[in-house]
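Dumped entry.cif below, it's mmCIF, C-alpha atoms:
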data_query
#
loop_
_atom_site.label_atom_id
_atom_site.label_comp_id
_atom_site.auth_asym_id
_atom_site.auth_seq_id
_atom_site.Cartn_x
_atom_site.Cartn_y
_atom_site.Cartn_z
CA MET F 16 -34.74 -51.52 -14.94
CA ARG F 17 -33.48 -51.56 -18.53
CA ILE F 18 -36.14 -51.16 -21.21
CA LEU F 19 -36.00 -53.79 -23.97
CA ASN F 20 -38.78 -53.02 -26.43
CA ALA F 21 -39.21 -55.86 -28.90
CA THR F 22 -41.30 -53.55 -31.07
CA PRO F 23 -40.90 -51.76 -34.40
CA ASP F 24 -42.62 -48.55 -33.27
CA SER F 25 -41.64 -47.55 -29.72
CA PHE F 26 -40.92 -43.82 -29.56
CA ALA F 27 -37.28 -44.02 -28.44
CA ASP F 28 -35.92 -47.41 -29.51
CA GLY F 29 -38.38 -48.97 -31.95
CA GLY F 30 -36.82 -51.76 -34.01
CA GLU F 31 -33.59 -51.97 -32.03
CA HIS F 32 -34.45 -55.17 -30.14
CA LEU F 33 -36.79 -57.08 -32.44
CA ASP F 34 -34.00 -59.56 -33.21
CA PRO F 35 -33.58 -61.84 -30.16
CA GLY F 36 -29.81 -62.03 -30.57
CA LYS F 37 -29.47 -58.25 -30.66
CA ALA F 38 -31.82 -57.96 -27.70
CA ALA F 39 -29.77 -60.45 -25.68
CA ALA F 40 -26.58 -58.57 -26.52
CA ALA F 41 -28.20 -55.32 -25.41
CA ALA F 42 -29.31 -57.03 -22.20
CA ALA F 43 -25.76 -58.19 -21.52
CA ARG F 44 -24.42 -54.66 -22.02
CA ALA F 45 -27.13 -53.29 -19.74
CA VAL F 46 -26.29 -55.71 -16.94
CA GLU F 47 -22.60 -54.89 -17.33
CA ALA F 48 -23.51 -51.19 -17.04
CA GLY F 49 -25.43 -51.83 -13.83
CA ALA F 50 -28.99 -52.89 -14.68
CA ASP F 51 -30.70 -54.83 -11.90
CA LEU F 52 -33.78 -55.79 -13.95
CA LEU F 53 -34.86 -56.07 -17.59
CA ASP F 54 -38.30 -55.06 -18.87
CA VAL F 55 -39.28 -56.82 -22.11
CA GLY F 56 -42.35 -55.67 -24.05
CA GLY F 57 -43.88 -56.56 -27.40
CA GLU F 58 -46.41 -53.73 -27.72
CA SER F 59 -45.59 -50.05 -27.98
CA THR F 60 -47.39 -47.83 -25.47
CA ARG F 61 -46.41 -44.51 -27.09
CA PRO F 62 -49.31 -42.12 -27.78
CA GLY F 63 -51.19 -43.19 -30.89
CA ALA F 64 -49.85 -46.74 -30.90
CA GLU F 65 -52.29 -49.44 -31.95
CA ALA F 66 -52.81 -52.53 -29.82
CA VAL F 67 -50.99 -55.76 -30.69
CA ASP F 68 -52.87 -59.02 -30.18
CA GLU F 69 -51.69 -61.76 -27.85
CA ALA F 70 -50.16 -63.92 -30.57
CA GLY F 71 -48.21 -60.97 -31.94
CA GLN F 72 -46.87 -60.00 -28.53
CA ILE F 73 -45.91 -63.58 -27.68
CA ALA F 74 -44.07 -63.95 -30.99
CA ARG F 75 -41.97 -60.91 -30.05
CA VAL F 76 -41.28 -61.29 -26.34
CA VAL F 77 -40.83 -65.04 -25.85
CA PRO F 78 -37.85 -65.41 -28.24
CA VAL F 79 -36.20 -62.37 -26.62
CA ILE F 80 -36.64 -63.74 -23.10
CA GLU F 81 -35.37 -67.15 -24.19
CA ALA F 82 -32.35 -65.55 -25.86
CA VAL F 83 -31.56 -63.51 -22.76
CA ARG F 84 -31.79 -66.56 -20.52
CA GLY F 85 -29.86 -68.64 -23.07
CA ARG F 86 -27.01 -66.17 -22.77
CA GLY F 87 -26.80 -66.91 -19.06
CA ILE F 88 -28.24 -63.59 -17.91
CA ASP F 89 -30.03 -64.24 -14.64
CA VAL F 90 -31.26 -60.82 -13.49
CA PRO F 91 -35.03 -60.59 -12.98
CA ILE F 92 -37.14 -59.96 -16.08
CA THR F 93 -40.52 -58.25 -16.16
CA VAL F 94 -42.82 -58.65 -19.14
CA ASP F 95 -44.48 -55.41 -20.19
CA THR F 96 -48.01 -56.44 -21.18
CA THR F 97 -51.65 -55.95 -20.27
CA ARG F 98 -52.68 -59.42 -21.46
CA ALA F 99 -52.69 -62.49 -19.20
CA GLU F 100 -52.00 -64.89 -22.07
CA VAL F 101 -48.82 -62.98 -22.95
CA ALA F 102 -47.77 -62.79 -19.32
CA ASP F 103 -48.24 -66.54 -18.91
CA ALA F 104 -46.15 -67.33 -21.99
CA ALA F 105 -43.41 -64.92 -20.86
CA LEU F 106 -43.30 -66.38 -17.36
CA ARG F 107 -42.97 -69.86 -18.81
CA ALA F 108 -40.11 -68.62 -21.00
CA GLY F 109 -38.16 -67.28 -18.03
CA ALA F 110 -39.68 -63.95 -16.95
CA ASP F 111 -40.19 -63.33 -13.26
CA ALA F 112 -42.90 -60.67 -12.96
CA VAL F 113 -45.43 -58.58 -14.88
CA ASN F 114 -45.40 -54.87 -15.71
CA ASP F 115 -49.01 -53.94 -16.56
CA VAL F 116 -49.49 -50.37 -17.82
CA SER F 117 -53.27 -50.72 -17.50
CA GLY F 118 -53.03 -51.34 -13.76
CA ALA F 119 -54.39 -54.85 -14.46
CA SER F 120 -57.65 -53.36 -15.74
CA ASP F 121 -57.44 -54.48 -19.38
CA ASP F 122 -57.61 -58.22 -18.79
CA PRO F 123 -59.79 -59.67 -16.00
CA ASP F 124 -57.56 -62.76 -15.90
CA MET F 125 -54.31 -60.91 -15.16
CA LEU F 126 -54.48 -60.71 -11.37
CA ALA F 127 -55.61 -64.32 -11.04
CA LEU F 128 -52.63 -65.40 -13.13
CA VAL F 129 -50.18 -63.33 -11.08
CA ALA F 130 -51.59 -64.75 -7.85
CA GLU F 131 -51.59 -68.31 -9.15
CA ARG F 132 -48.00 -68.07 -10.35
CA ASP F 133 -46.97 -66.24 -7.15
CA VAL F 134 -45.07 -63.52 -9.00
CA GLY F 135 -44.87 -59.76 -8.67
CA ILE F 136 -46.67 -57.08 -10.64
CA VAL F 137 -46.16 -53.41 -11.43
CA LEU F 138 -49.49 -51.58 -11.48
CA MET F 139 -49.42 -48.37 -13.51
CA HIS F 140 -51.86 -45.48 -13.72
CA ARG F 141 -53.05 -44.22 -17.09
CA LEU F 142 -55.99 -42.05 -18.06
CA ARG F 143 -56.75 -43.78 -21.35
CA ALA F 144 -55.33 -46.41 -23.71
CA PRO F 145 -52.30 -45.35 -25.79
CA ALA F 146 -54.26 -45.32 -29.06
CA ARG F 147 -56.37 -42.45 -27.68
CA ASP F 148 -53.60 -40.60 -25.86
CA SER F 149 -51.35 -37.68 -26.78
CA TYR F 150 -47.78 -36.67 -26.08
CA SER F 151 -47.55 -34.64 -22.86
CA ASN F 152 -46.66 -31.41 -24.67
CA ALA F 153 -49.30 -31.82 -27.41
CA TYR F 154 -52.69 -31.77 -25.65
CA ASP F 155 -55.27 -29.40 -27.09
CA THR F 156 -57.16 -29.56 -23.79
CA GLU F 157 -55.58 -30.38 -20.45
CA PRO F 158 -56.74 -33.77 -19.10
CA THR F 159 -59.17 -33.34 -16.22
CA TYR F 160 -58.53 -34.99 -12.86
CA GLU F 161 -61.19 -34.67 -10.17
CA GLY F 162 -59.56 -33.39 -6.99
CA GLY F 163 -56.25 -32.78 -8.76
CA VAL F 164 -53.89 -35.12 -10.56
CA VAL F 165 -52.03 -36.36 -7.48
CA ALA F 166 -55.17 -37.26 -5.56
CA ALA F 167 -56.68 -38.95 -8.62
CA VAL F 168 -53.56 -41.00 -9.35
CA ARG F 169 -53.26 -41.98 -5.70
CA ALA F 170 -56.88 -43.14 -5.56
CA ALA F 171 -56.58 -45.14 -8.78
CA LEU F 172 -53.39 -46.86 -7.64
CA ALA F 173 -54.88 -47.61 -4.23
CA SER F 174 -57.84 -49.25 -5.95
CA ALA F 175 -55.56 -51.27 -8.25
CA ALA F 176 -53.45 -52.46 -5.32
CA ASP F 177 -56.56 -53.40 -3.33
CA ALA F 178 -57.85 -55.42 -6.30
CA ALA F 179 -54.53 -57.22 -6.56
CA ARG F 180 -54.56 -58.07 -2.86
CA ALA F 181 -58.16 -59.27 -3.09
CA ALA F 182 -57.15 -61.57 -5.97
CA GLY F 183 -54.45 -63.14 -3.82
CA VAL F 184 -51.35 -61.26 -4.99
CA ASP F 185 -48.72 -61.07 -2.26
CA ARG F 186 -48.42 -57.52 -0.92
CA ARG F 187 -44.62 -57.79 -1.16
CA GLY F 188 -44.91 -58.34 -4.91
CA ILE F 189 -46.78 -55.11 -5.71
CA VAL F 190 -45.06 -52.02 -7.15
CA LEU F 191 -46.93 -48.84 -8.08
CA ASP F 192 -46.15 -46.72 -11.13
CA PRO F 193 -47.79 -43.27 -11.37
CA GLY F 194 -47.65 -43.43 -15.17
CA LEU F 195 -45.51 -40.43 -16.00
CA GLY F 196 -46.26 -39.43 -19.59
CA PHE F 197 -49.56 -41.29 -19.70
CA GLY F 198 -52.58 -38.99 -19.92
CA LYS F 199 -50.82 -36.06 -18.26
CA THR F 200 -49.54 -32.70 -19.43
CA VAL F 201 -45.98 -31.57 -18.77
CA ALA F 202 -47.08 -29.68 -15.65
CA GLN F 203 -49.24 -32.60 -14.44
CA ASN F 204 -46.33 -35.01 -14.77
CA LEU F 205 -44.16 -32.75 -12.63
CA ASP F 206 -47.00 -32.44 -10.11
CA VAL F 207 -47.26 -36.24 -9.90
CA MET F 208 -43.52 -36.50 -9.30
CA ARG F 209 -43.78 -33.95 -6.48
CA GLY F 210 -46.69 -35.96 -5.08
CA THR F 211 -44.66 -39.18 -4.74
CA PRO F 212 -44.67 -38.97 -0.90
CA ALA F 213 -48.48 -39.21 -1.02
CA LEU F 214 -48.21 -42.33 -3.17
CA LEU F 215 -45.74 -43.89 -0.77
CA GLU F 216 -48.32 -43.57 2.00
CA LEU F 217 -50.08 -46.51 0.33
CA GLY F 218 -47.23 -48.73 1.50
CA TYR F 219 -45.75 -49.91 -1.80
CA PRO F 220 -42.55 -49.05 -3.71
CA VAL F 221 -42.92 -46.46 -6.46
CA LEU F 222 -41.47 -46.98 -9.93
CA SER F 223 -40.25 -44.01 -11.96
CA GLY F 224 -40.74 -44.39 -15.72
CA LEU F 225 -39.82 -41.08 -17.29
CA SER F 226 -36.88 -42.00 -19.52
CA ARG F 227 -36.68 -39.86 -22.69
CA LYS F 228 -40.40 -39.00 -22.59
CA SER F 229 -41.89 -35.89 -24.19
CA PHE F 230 -42.41 -34.07 -20.90
CA VAL F 231 -38.70 -34.57 -20.17
CA GLY F 232 -37.87 -32.96 -23.51
CA ALA F 233 -40.25 -30.09 -22.82
CA THR F 234 -38.84 -29.54 -19.34
CA LEU F 235 -35.30 -29.63 -20.69
CA ALA F 236 -36.17 -27.11 -23.41
CA ALA F 237 -37.75 -24.78 -20.87
CA ALA F 238 -34.70 -25.03 -18.62
CA THR F 239 -32.23 -24.27 -21.41
CA GLY F 240 -34.30 -21.75 -23.35
CA ALA F 241 -34.39 -23.93 -26.46
CA ASP F 242 -37.03 -23.22 -29.09
CA GLN F 243 -37.93 -26.89 -29.49
CA PRO F 244 -37.68 -29.96 -27.24
CA PRO F 245 -34.77 -32.23 -28.16
CA ALA F 246 -35.30 -35.55 -29.93
CA PRO F 247 -35.70 -38.61 -27.67
CA ALA F 248 -32.05 -39.65 -28.10
CA ASP F 249 -30.98 -36.22 -26.85
CA ARG F 250 -33.07 -36.35 -23.67
CA VAL F 251 -30.60 -38.50 -21.74
CA TRP F 252 -29.38 -35.86 -19.31
CA GLY F 253 -32.83 -34.43 -18.84
CA SER F 254 -33.96 -37.96 -17.96
CA VAL F 255 -31.08 -38.40 -15.53
CA GLY F 256 -31.78 -35.07 -13.85
CA LEU F 257 -35.45 -35.80 -13.36
CA SER F 258 -34.72 -39.36 -12.20
CA VAL F 259 -32.37 -38.05 -9.51
CA THR F 260 -35.10 -35.60 -8.51
CA HIS F 261 -37.60 -38.45 -8.33
CA LEU F 262 -35.20 -40.48 -6.17
CA GLY F 263 -35.15 -37.60 -3.72
CA LEU F 264 -38.94 -37.63 -3.65
CA GLY F 265 -39.07 -41.35 -2.84
CA ALA F 266 -39.09 -43.37 -6.08
CA SER F 267 -36.92 -46.46 -5.80
CA ILE F 268 -37.11 -48.33 -9.14
CA PHE F 269 -36.13 -46.59 -12.37
CA ARG F 270 -37.20 -47.83 -15.80
CA VAL F 271 -34.61 -46.39 -18.21
CA HIS F 272 -33.04 -46.59 -21.65
CA ASP F 273 -29.58 -45.36 -20.57
CA VAL F 274 -28.34 -47.57 -17.76
CA GLY F 275 -24.79 -46.35 -17.24
CA GLU F 276 -25.71 -42.70 -16.96
CA HIS F 277 -28.56 -43.41 -14.54
CA ARG F 278 -26.58 -45.91 -12.49
CA GLY F 279 -23.77 -43.46 -11.85
CA ALA F 280 -26.02 -40.51 -11.09
CA LEU F 281 -28.49 -42.41 -8.90
CA ASP F 282 -25.74 -44.19 -6.96
CA THR F 283 -24.02 -40.87 -6.31
CA ALA F 284 -27.27 -39.23 -5.21
CA TRP F 285 -28.07 -42.18 -2.95
CA ALA F 286 -24.59 -42.17 -1.41
CA ALA F 287 -25.21 -38.60 -0.27
CA ARG F 288 -28.30 -39.79 1.65
CA VAL F 289 -26.79 -42.66 3.66
CA ALA F 290 -24.30 -42.89 6.49
CA ASP F 291 -21.88 -45.17 4.65
CA PRO F 292 -21.47 -44.17 0.98
CA ALA F 293 -19.54 -47.39 0.28
CA ALA F 294 -22.69 -49.33 1.11
CA ALA F 295 -24.95 -47.18 -1.06
CA ARG F 296 -25.74 -49.94 -3.54
#
Please lay out the structure from this file as structure tokens.
Amino acid sequence: MRILNATPDSFADGGEHLDPGKAAAAAARAVEAGADLLDVGGESTRPGAEAVDEAGQIARVVPVIEAVRGRGIDVPITVDTTRAEVADAALRAGADAVNDVSGASDDPDMLALVAERDVGIVLMHRLRAPARDSYSNAYDTEPTYEGGVVAAVRAALASAADAARAAGVDRRGIVLDPGLGFGKTVAQNLDVMRGTPALLELGYPVLSGLSRKSFVGATLAAATGADQPPAPADRVWGSVGLSVTHLGLGASIFRVHDVGEHRGALDTAWAARVADPAAAR
């Protein structure tokens, strides 16, 4: 899943895809490199980011989706939003599903819309809204999770999935995202990754969204003995390494900035797990 942030302030690629033509060109390159999906968002979810209203998000994401479709790119598109009005506009413009980082808790109309339109949804765990969050390696006090971070994330995602089912969302259209980097320290993020088998017990695919995040930089610095974590653009191989690790733990969808590097590494890792490597993809 290639990230296309139509935002000026995303932590890794802010401003790169605000122009619909540039975004469509980036989408074409991503598909050529092996992207199976595109994730288009108009609101940064980095720590400290302020919310963007519905009109502002729509003004960003709809032209990008229309430009991507106008270029003849037909891979599935998810719209990264917590607002039903934005999701509806994006679906009408050519998106296929919703990626809701609030776990569909921000907008009471989201699940009804998803059910009515008979589309899929990614339900993510987060501890708090981005405006009140911190980078994983910058917490003054470790976030508290009753019963441990894995159990708490599992319970929250189970509740979100149950709410989606109760609203009429098809079970086959639900994907769970443990929210790596959202309300979790470096160690807690790694614990959640290791706890992926417990999340899979809920019966839904698990999405891995760790690309270039601060905990990746911190983990990479610790592994190499560096004094400081690398900048987001220099976290590519740390992201690839942790994504391959997450594949081994059961994640099956990978939301990334760097498609070619992930495609090659994940395909190779998957080929080692199956009887016929030629059929790995």
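Taking CA of Val271 in chain F as the reference point, CA of Arg227 in chain F is found at 8.2 Å.
Picture a line from CA of Thr234 in chain F to CA of Ser149 in chain F; it runs 16.7 Å.
The residues caught by the PyMOL selection byres ((chain F and resi 50-58) around 6) in this file are Met16, Arg17, Ile18, Leu19, Asn20, Ala21, Thr22, Ala45, Val46, Gly49, Ser59, Val67, Gln72, Arg75, Val76, Val90, Pro91, Ile92, Thr93, Val94 and Asp95 of chain F.
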Checklist entry - What gap, in Å, lies between CA of Pro62 in chain F and CA of Leu142 in chain F? => result 11.8 Å
Hey, could you make a per-residue contact list for range 216-281 of chain F against range 186-199 of chain F with 6 Å as the cut-off, showing the nearest pair of atoms and its distance in Å to one decimal, counting all atoms listed in the file, sorted by chain and number, as JSON lines?
{"residue": "F:Tyr219", "atom": "CA", "partner": "F:Val190", "partner_atom": "CA", "distance": 5.8}
{"residue": "F:Pro220", "atom": "CA", "partner": "F:Val190", "partner_atom": "CA", "distance": 5.2}
{"residue": "F:Val221", "atom": "CA", "partner": "F:Leu191", "partner_atom": "CA", "distance": 4.9}
{"residue": "F:Leu222", "atom": "CA", "partner": "F:Asp192", "partner_atom": "CA", "distance": 4.8}
{"residue": "F:Leu225", "atom": "CA", "partner": "F:Leu195", "partner_atom": "CA", "distance": 5.9}
Requested write-out: C-alpha atoms of the selected residues, as an mmCIF file, keeping the file's coordinate frame:
data_model
loop_
_atom_site.group_PDB
_atom_site.id
_atom_site.type_symbol
_atom_site.label_atom_id
_atom_site.label_comp_id
_atom_site.auth_asym_id
_atom_site.auth_seq_id
_atom_site.Cartn_x
_atom_site.Cartn_y
_atom_site.Cartn_z
ATOM 1 C CA TYR F 219 -45.750 -49.910 -1.800
ATOM 2 C CA PRO F 220 -42.550 -49.050 -3.710
ATOM 3 C CA VAL F 221 -42.920 -46.460 -6.460
ATOM 4 C CA LEU F 222 -41.470 -46.980 -9.930
ATOM 5 C CA LEU F 225 -39.820 -41.080 -17.290
#
Checklist entry - Near Ala167 in chain F, counting all atoms listed in the file, which residues have an atom at most 12 Å away, once you skip same-chain residues fewer than 2 positions from it, shown as a ChimeraX atom specification? => result /F:140-142,158-165,169-174,193,199,203,206-207,210,213-214
Report the closest atom pair, with its distance in Å rounded to one decimal, for each residue of range 132-172 of chain F that has an atom no farther than 12 Å from range 237-256 of chain F; count only C-alpha atoms, sort by chain and then rising residue number, and write it as a tab-separated table.
residue	atom	partner	partner_atom	distance
F:Ser151	CA	F:Pro244	CA	11.8
F:Asn152	CA	F:Pro244	CA	9.5
F:Ala153	CA	F:Pro244	CA	11.8
Item to check | Nearest to Leu235 in chain F, chosen from F:Val289, F:Leu217, F:Leu257, F:Ala42, with all atoms listed in the file counted in the distances | outcome: F:Leu257
Item to check | Nearest residue to Ala40 in chain F from the set F:Gly85, F:Gly135, F:Pro145, F:Gly118 (distances using all atoms listed in the file) | outcome: F:Gly85
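Proximity of F:Ala38, F:Val101, F:Ala146, F:Ala233 to Ala64 in chain F, computed with all atoms listed in the file, is greatest for F:Ala146.
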Next on the checklist: Just want the 9 Å neighbourhood of Ala119 in chain F, counted on all atoms listed in the file, with same-chain residues fewer than 4 positions away dropped. Output as a PyMOL selection string.
Outcome noted: chain F and resi 97-98+115+123-126+136-139+175+178-179
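Look at everything within 7 Å of (-40.3, -36.6, -11.8) using all atoms listed in the file, and the residues you get are Asn204, Leu205, Met208, Arg209, Leu257, Ser258, Thr260 and His261 of chain F.
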Requested write-out: C-alpha atoms of the selected residues, as a short mmCIF file (atom, residue, chain, number, x, y, z; two decimals), keeping the file's coordinate frame:
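What landed in out-v1.cif:
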data_model
loop_
_atom_site.label_atom_id
_atom_site.label_comp_id
_atom_site.auth_asym_id
_atom_site.auth_seq_id
_atom_site.Cartn_x
_atom_site.Cartn_y
_atom_site.Cartn_z
CA ASN F 204 -46.33 -35.01 -14.77
CA LEU F 205 -44.16 -32.75 -12.63
CA MET F 208 -43.52 -36.50 -9.30
CA ARG F 209 -43.78 -33.95 -6.48
CA LEU F 257 -35.45 -35.80 -13.36
CA SER F 258 -34.72 -39.36 -12.20
CA THR F 260 -35.10 -35.60 -8.51
CA HIS F 261 -37.60 -38.45 -8.33
#
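Closest approach to Asp133 in chain F among F:Ala43, F:Ala182, F:Gly275, F:Val77 is made by F:Ala182 (distances from only C-alpha atoms).
Minimum atom-to-atom distances from F:Ala82, F:Val116, F:Leu215, F:Ala108 to Thr96 in chain F were compared using only C-alpha atoms, and the lowest value belongs to F:Val116.
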